[in-house]
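Just below is one structure, and these are the notes that go with it.
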There are 6 protein chains.
Amino acid sequence: MSESFSELQPFIGITTFARRPHTRDLRGADVAIVGVPYDGATSYRSGARFGPRKIRELSLLLWGYNNPLAVAPFEALNIVDFGDVEIVPVNIGKTFANIEKSIDAILDAGVTVAALGGDHSIALPLLRAHRRRYGPLAVVHFDSHPDTWDTEYDGEPYSHGTPFRRAIEEGLMDTSAYIQVGIRGPTSSADDLKDAQEMGAHVITIDEAMSLGVTSVVERIREKAAGKNVYVSFDIDAVDPAFAPGTGTPEVGGFTSHQALQLVRGLRGLNLIGFDLVEVSPPYDHGDITAILASNLVFEFLSLVALKKQRGT
Amino acid sequence: MSESFSELQPFIGITTFARRPHTRDLRGADVAIVGVPYDGATSYRSGARFGPRKIRELSLLLWGYNNPLAVAPFEALNIVDFGDVEIVPVNIGKTFANIEKSIDAILDAGVTVAALGGDHSIALPLLRAHRRRYGPLAVVHFDSHPDTWDTEYDGEPYSHGTPFRRAIEEGLMDTSAYIQVGIRGPTSSADDLKDAQEMGAHVITIDEAMSLGVTSVVERIREKAAGKNVYVSFDIDAVDPAFAPGTGTPEVGGFTSHQALQLVRGLRGLNLIGFDLVEVSPPYDHGDITAILASNLVFEFLSLVALKKQRGT
Amino acid sequence: MSESFSELQPFIGITTFARRPHTRDLRGADVAIVGVPYDGATSYRSGARFGPRKIRELSLLLWGYNNPLAVAPFEALNIVDFGDVEIVPVNIGKTFANIEKSIDAILDAGVTVAALGGDHSIALPLLRAHRRRYGPLAVVHFDSHPDTWDTEYDGEPYSHGTPFRRAIEEGLMDTSAYIQVGIRGPTSSADDLKDAQEMGAHVITIDEAMSLGVTSVVERIREKAAGKNVYVSFDIDAVDPAFAPGTGTPEVGGFTSHQALQLVRGLRGLNLIGFDLVEVSPPYDHGDITAILASNLVFEFLSLVALKKQRGT
Amino acid sequence: MSESFSELQPFIGITTFARRPHTRDLRGADVAIVGVPYDGATSYRSGARFGPRKIRELSLLLWGYNNPLAVAPFEALNIVDFGDVEIVPVNIGKTFANIEKSIDAILDAGVTVAALGGDHSIALPLLRAHRRRYGPLAVVHFDSHPDTWDTEYDGEPYSHGTPFRRAIEEGLMDTSAYIQVGIRGPTSSADDLKDAQEMGAHVITIDEAMSLGVTSVVERIREKAAGKNVYVSFDIDAVDPAFAPGTGTPEVGGFTSHQALQLVRGLRGLNLIGFDLVEVSPPYDHGDITAILASNLVFEFLSLVALKKQRGT
Amino acid sequence: MSESFSELQPFIGITTFARRPHTRDLRGADVAIVGVPYDGATSYRSGARFGPRKIRELSLLLWGYNNPLAVAPFEALNIVDFGDVEIVPVNIGKTFANIEKSIDAILDAGVTVAALGGDHSIALPLLRAHRRRYGPLAVVHFDSHPDTWDTEYDGEPYSHGTPFRRAIEEGLMDTSAYIQVGIRGPTSSADDLKDAQEMGAHVITIDEAMSLGVTSVVERIREKAAGKNVYVSFDIDAVDPAFAPGTGTPEVGGFTSHQALQLVRGLRGLNLIGFDLVEVSPPYDHGDITAILASNLVFEFLSLVALKKQRGT
Amino acid sequence: MSESFSELQPFIGITTFARRPHTRDLRGADVAIVGVPYDGATSYRSGARFGPRKIRELSLLLWGYNNPLAVAPFEALNIVDFGDVEIVPVNIGKTFANIEKSIDAILDAGVTVAALGGDHSIALPLLRAHRRRYGPLAVVHFDSHPDTWDTEYDGEPYSHGTPFRRAIEEGLMDTSAYIQVGIRGPTSSADDLKDAQEMGAHVITIDEAMSLGVTSVVERIREKAAGKNVYVSFDIDAVDPAFAPGTGTPEVGGFTSHQALQLVRGLRGLNLIGFDLVEVSPPYDHGDITAILASNLVFEFLSLVALKKQRGT
């Protein structure tokens, strides 16, 4: 039933991620692509519910061989497209429960998760599930916003601005290895970044990253995260809106797409155990450039997992 | 501080509804324009949270005098722009509570509400508040979908597909005077329309409406609703997507904009006590044509209220 | 140098109107297509300066033979593309002078003008030039707005809302044969339509037109205009925004494209001496549907001129 | 593996047609949805290669029960999504061969084809395959263009303007039952429509259709096609660009979406043996309104097939 | 009446600049945001008349605290939204007079102006008013075009290409401290840049800026402007169209958004007395990325004014 | 007939390239702009057939004097707009033949070609024609893809992924001077880049180019190509999609527009004998930024040809 990947042009055929089989049978699988189409916790534009579908569609442009990393992840790994978690738009609690249940099941099967958001609130249930399997997690968090804000909007604890604060409060993270990369833009007060730091985050602002250069940023990340179980959370708004306009709360002055690719590739050798790519909002994209970038960032992560498998770790 | 309405071109100035003053001081007011920017209960596209803002922007094109109805609502009525209700995206219950609290306050001040959605779920708290003031309500409901579905999606009672079922269950409506106009499109089963009818709805499908003609449809509505307190709920997807593409669950085969205007104008003489215009989703609009239509439909409703005031009823 | 019209597909080649030669040498010409890319007098959206260019581009889709009228205007007539008048964006007076000078020259050469706007203010200099050649003009004016308003905005006499009032004041029109078709939407006051009528306009509102049907509207026009020198001014916003979103001040509740075509075709047999098609604003169009409609309306006018030539009048 | 159709909201999950299983195992199937993403033969805009993918995506909005026809096609029929034929963009001959081979295989399995284009050139190989199975075909052809032109452009026999001429020449059609509906717009010469008629087409122009009304048009079609094997070819540009902007050669002055639905529904009772829906070009669509209309027209066809199965014919 | 800034999500409420009160009562105010929606002097695309409205809308994303500058301008300053100047589209002279009158009144009240354009022609009346209050002005001018061209187009002295030439001719500027930054693209002749330099401009082309780096560019500006009354005019087309597509005459090869922010921040410590941000044209923007950048650049200017107030100068 | 270039604003007039005369009379011409609107060989998005038309339109923004190169190509050279080659969408062979015939004729007239695509497959017939006149060609090839793939898709030798392999096989190129610049993204296998190198290509990947800097890249190119007849083929997808979204197979992580301009300018002094700019796909562009960039790159090439003419070589 599955069409041959190498023989079809990208405008032909059904849009599973990179033509991987759509199945919930995880036997023999190394990685599961999981869509989490929830956008109920956004503070500005909604639309990220269409992120997974659009990233899948554009993933058909990924020809398969990663030249800089010299690896062919679709050959090295058995990757399946798990489909989407069944989210409940009006109820964030039930949505989180659904996410955790699905992710727990995948992790229990010994399969690595690459999650496609949805808004950034979904990182919390993803971290909960990974914590259950891997213990406290080192987290590499690419973003323009710290997302470690406290309670917002009428006492609700959960939104796309709070997942990492909640994760720290719940003991999900190894805060000695929590790195935020790309932070910028106005914040509510001087305390926002201070709070993040006091909770343990190593904050690399965009100005620091631009001064240091990507190579040095990567080194800092590697120092912090070496030898730990590393979860990577990539908010597409870490990238400048010129390169990623299709997102909910764009923040100007960010990374180029070339820098974004280098940052993810720079994680090679770390013990990566999970990944999410969030906040792609197709209604605000144009020419699908944000979805194309997102699918490439997922491809880089898959390449890193393939290298890890080849290393036998 | 307020700029003169008649002297300014529509591209100039701050975008309150039709340049009405933005205030929560309701003394002397006849009508309050109230935005309800909630889109958390949509089953397909989100984006209606930007409906109120965009309808306000395009309302600046409304020159003020209604020729077919021979009335100038901005002169005949004291209309204020109340601003938006403070909704809570992740919690539909708190959102409903906020809506009810605001609407109760406005109605208690003896002011008529013209609400701008947001998705159709907001009709429920609007009906609750109006029921408290006016007793069971006659409802004229323009829509392509019956919105009288039962529980959906993981047991949640509230969504943009259920408000009128809940309203009937809660005794908010006078079901002898509940008219659905424009219903069409595939439904879950043969029971959907039957259910609506069994709950009391007088369903005028689009095919019936097209056969009968707008004049006859209007007569039927007037027969049912005469002498009662009439609440009007206008889902913009009652109109064909050619005329109203900017909506969340478009249904082809609908009314033209000319028919839509005639349908609302046809309610003249009824005892209108409240109004909502919902499901305008600007990210999917083009050239703002949906928002322009929406602002004109609100203008027609305001004209009807002005006529009612002139009648002294 | 000119490419063969019938042999080329519409995506190929330089975009003069319907591949007519671009020249200012009018010897032997019957009709000149003249662009007037001025949008400085719009009260809401600008952008109509790109109208002539875009209408030319889409005119390449016109295959040449008019089936309902049974005429091939590109064969029956020698049509040239005159290019654009050199307008001066910051100075409406100089712009009008340039327009009049160009149009006078074309009319003096015995050539009929089909003008592509540009906003509706350009109708005034067009009428001035035609009046000089033809005497007071019968005018068939398709529009959603009366455009017979008085002085607007800081005492300026000219805008896209005033051309026909100015034309009447200047004695350019035979007001016994001035018909406005399609008028609708809110106006500044009850006086707007009354003023138009007092100045002599026979106003056919959209509601009347929809009740009467296009055939009867056409008959009324023909009664008024028979035997006179008829100038046709077609504001694309006479058509509903669903069919013509690309315009500056869209007014909902208008004609369909099928009705618009029938209205222009209905003028066959009248003594048509000039034509403008105005208010196409490409930045607000989508899929070029407004420009396609506009180019077809110009084609209908050209067909009417071809029939007139064949009649030898 | 397949997700439950009734339990999922349309923004969730993999985009096969209406969540039907994606398979090439046709055992037990009644209907196969087949994508034909070829747009190499368009004379103006390309982009129809993305038609099948987009129609599938929007088909998730089809709730399942057809109220006017009182049938639930996804329950009454076993429908599979065959995926796309493997077209060869640079070679129309090989593309046609691929199409024929796939369609032959499906028809040989006793399965009805609902084909999603692609440009209209693909009707020829579809007709060839159906002819082989069913003999000369009655054809109901909705379109704005006759598509019975002769050789075009440098001697090439095949393009999206010639399929029905070629089909007639090849003896594929029963020309006593060939009906063209919706024809309009400029043609190359007076001969275009005459040619179509001389080849046997019963041409119902848009002006005739608008005068007659949809009910009478349907009757005429039924008279011609009753008792024959009827293939339906629906070019989306039969519909007005206001309702279907996403197409390659838009022609103004066409059907509304309500009329289009009625026209297809009007074919109930005929012996329908095949269907294509062509010329949906997503790059020129907005708000997906063309794809939504297209998926509904396919749904109507499926409903007709379901009724036919229930009749046991 | 005013909603709390910190408690509302950006999609809620009326769109004054950063929720500052809309008032023309300037008592106690430090800064007035003033819209100047004039686009009549553009040489290519119009649309900048919608710049002020859109920049206000997107300013709701500005959370308030400037981390790199360590200042909270909305707390440190009393900022009001003055609304828009009442421009006259058809008459640039009257428009300039209106601008000057409004700006004079604001400056006379001791309030600093942050003007939102509109096209760049509006810099001239802004400079005239500031000159009257502050004497000859040092000007830091970010742009891709020199805007010091001479008379253009039929003898008109004013356009968006001439404001700084006119300003120099009128003695408004201290030409020893006039710096143009970002100049690039084809010009009419070799004289264009020479002319600018002969009039006193210190021209830093984009190639020089890219070679030098932003830090050195900032130093050069500071050397020139130190100790003077500095007016900043920021044409958004100084930034590359990838980052600022929504503008009238885009010029490729420009600054990134990160560089643009650094350039404005680099002016800290200078004696800034006025600011304009011009040429944002929303009809050509996508995903509002240009308007977001523009609102951030205004925020940086406000932050600099806040720092100046804190310095007590 | 031709309008004065320097006196017209870019929104006025007929859209030949930079207002150059549209003619096929090549006497006295130095350079011919030739459109090749073929997009039948694309593997993902079509639409490049509209590239030549759109690049012409945006070329009106080119003011004429190249400041960095100090040359005015429209004065130094006699440039004509040849119009478009008459391509045959369904037949790549006939299309190639048409291209070769036209280009041969132009080269035979001693005129340099600047070709506007169209997809990259058109480079092959262009190289064939240039080879006939100039012998084996040095080629500077800017691209994100190597385009030296072997037979693709059902045995077809020609597509937009194979032109340079075919050119090498046919002996058209001097492979000692074939440089690919900007290569990146996933490939089919590890062999893709190896193959290119084994065929003789000097591959400079984007990572190398970003490390080396543009100046060094330019030096490498100049070393290889000095003294040879150099053909330049510029695929717009060499540039990052943020700067060039309007293309068929976008590849993230590419050059900025500033780098792209520098790369072309860096070729000054080489013996440039031909040029193509391909893969601009306007349906996917926004704000015309890709077409503006493309027209500027053509302008840089024309400037280099002007300098060459001034050198007298």
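In the structure tokens, chains take the letters A, B, ... in the order shown, each chain's residues start at 1, and ligands count up from 1 in the order shown.
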Next on the checklist: Using only C-alpha atoms and a distance of at most 10 Å, pull out the residues of chain A that contact chain E, as number ranges by chain.
Outcome noted: A: 42-46, 152-154, 184-193, 205-207, 210, 240-256, 283-286
Item to check | Residues within 12 Å of E:Pro157, only C-alpha atoms, excluding chain neighbours under 6 positions, as a count of residues only | outcome: 18
Next on the checklist: Just list as an MDAnalysis selection string whatever in stretch 42-160 of chain E DSSP marks as strand (DSSP E or B).
Outcome noted: chainID E and resid 65:66 71 79:84 91 112:117 137:142 152 156
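Between D:Asn229 and the residues D:Val298, D:Leu270, D:Val214, D:Ala48, the shortest atom-to-atom distance, using only C-alpha atoms, involves D:Leu270.
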Contacts of D:Ala123 at 12 Å or less, counting only C-alpha atoms, minus same-chain residues fewer than 3 places along, as a CSV table (one decimal) with C-alpha atoms, in the first residue's frame?
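Printed below is selection-v4.csv as written:
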chain,number,residue,atom,x,y,z
D,36,VAL,CA,-4.7,12.5,-11.1
D,38,TYR,CA,-1.5,16.3,-13.8
D,41,ALA,CA,-1.9,20.7,-20.4
D,96,PHE,CA,-2.2,9.1,-20.2
D,99,ILE,CA,-3.9,6.8,-16.0
D,100,GLU,CA,-5.5,4.3,-18.3
D,103,ILE,CA,-8.3,3.1,-14.2
D,114,ALA,CA,-14.4,9.0,-8.8
D,115,ALA,CA,-11.4,10.9,-10.2
D,116,LEU,CA,-9.9,14.1,-8.8
D,117,GLY,CA,-8.0,16.2,-11.3
D,118,GLY,CA,-5.7,17.6,-12.4
D,119,ASP,CA,-6.5,19.5,-15.6
D,120,HIS,CA,-9.3,18.6,-18.0
D,126,LEU,CA,-10.6,8.3,-18.2
D,127,LEU,CA,-13.1,8.0,-21.0
D,128,ARG,CA,-10.9,5.5,-22.9
D,129,ALA,CA,-10.8,3.2,-19.9
D,130,HIS,CA,-14.6,3.5,-19.2
D,131,ARG,CA,-15.3,3.0,-22.9
D,139,VAL,CA,-21.5,12.1,-21.1
D,141,HIS,CA,-20.2,17.6,-19.1
D,147,ASP,CA,-13.3,21.6,-24.7
D,148,THR,CA,-14.0,20.3,-28.1
D,158,TYR,CA,-3.8,16.8,-26.5
D,159,SER,CA,-4.5,19.7,-24.1
D,160,HIS,CA,-7.1,20.7,-21.6
D,161,GLY,CA,-9.1,22.2,-24.5
D,162,THR,CA,-9.4,19.1,-26.6
D,163,PRO,CA,-10.4,16.0,-24.6
D,164,PHE,CA,-14.0,15.7,-25.8
D,165,ARG,CA,-13.1,16.2,-29.5
D,166,ARG,CA,-10.5,13.4,-29.2
D,167,ALA,CA,-13.0,11.2,-27.4
D,172,LEU,CA,-15.6,6.7,-27.0
D,173,MET,CA,-18.8,8.6,-26.6
D,231,TYR,CA,-20.1,9.4,-17.3
D,232,VAL,CA,-20.1,12.8,-15.6
D,233,SER,CA,-17.2,15.2,-16.1
D,234,PHE,CA,-17.4,18.3,-13.9
D,235,ASP,CA,-15.0,21.1,-14.7
D,274,GLY,CA,-18.0,7.2,-13.6
D,275,PHE,CA,-17.1,10.7,-12.6
D,276,ASP,CA,-14.3,13.2,-12.7
D,277,LEU,CA,-14.0,16.6,-10.9
D,278,VAL,CA,-11.2,18.6,-12.6
D,279,GLU,CA,-9.4,22.0,-12.8
Checklist entry - Please, which residues of stretch 82-155 of chain D, numbered as in this document, come out alpha helix (DSSP H) from DSSP, as a ChimeraX atom specification? => result /D:92-108,123-134
Do you know which residues are at most 12 Å from E:Ser216 counting only C-alpha atoms, after dropping those on the same chain fewer than 5 positions away, and could you put them as a CSV table (one decimal) with N, CA, C and O atoms, in the first residue's frame?
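Result file around.csv:
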chain,number,residue,atom,x,y,z
E,204,ILE,N,25.9,56.5,4.4
E,204,ILE,CA,26.5,55.2,4.7
E,204,ILE,C,25.6,54.2,3.9
E,204,ILE,O,24.5,53.9,4.3
E,208,GLU,N,28.7,49.6,2.8
E,208,GLU,CA,29.6,50.1,3.9
E,208,GLU,C,29.1,49.6,5.2
E,208,GLU,O,29.8,49.2,6.1
E,209,ALA,N,27.8,49.7,5.4
E,209,ALA,CA,27.2,49.3,6.7
E,209,ALA,C,27.5,47.8,7.0
E,209,ALA,O,27.8,47.4,8.1
E,210,MET,N,27.3,47.0,5.9
E,210,MET,CA,27.5,45.5,6.1
E,210,MET,C,29.0,45.3,6.4
E,210,MET,O,29.3,44.4,7.1
E,211,SER,N,29.9,46.0,5.7
E,211,SER,CA,31.3,45.8,6.0
E,211,SER,C,31.7,46.3,7.3
E,211,SER,O,32.5,45.6,8.1
E,221,ILE,N,27.4,57.4,13.7
E,221,ILE,CA,26.2,58.3,13.9
E,221,ILE,C,26.3,59.1,15.1
E,221,ILE,O,26.1,60.3,15.1
E,222,ARG,N,26.8,58.4,16.2
E,222,ARG,CA,26.9,59.1,17.5
E,222,ARG,C,27.9,60.3,17.4
E,222,ARG,O,27.7,61.3,18.0
E,223,GLU,N,29.0,60.1,16.7
E,223,GLU,CA,30.0,61.1,16.5
E,223,GLU,C,29.4,62.4,15.9
E,223,GLU,O,29.6,63.5,16.4
E,262,GLN,N,19.1,47.0,16.5
E,262,GLN,CA,20.4,47.4,17.1
E,262,GLN,C,20.7,48.8,16.7
E,262,GLN,O,21.3,49.6,17.5
E,263,LEU,N,20.4,49.2,15.5
E,263,LEU,CA,20.7,50.5,15.0
E,263,LEU,C,19.9,51.6,15.8
E,263,LEU,O,20.5,52.6,16.2
E,266,GLY,N,21.2,51.7,19.3
E,266,GLY,CA,22.5,52.4,19.3
E,266,GLY,C,22.4,53.9,19.5
E,266,GLY,O,23.5,54.5,19.8
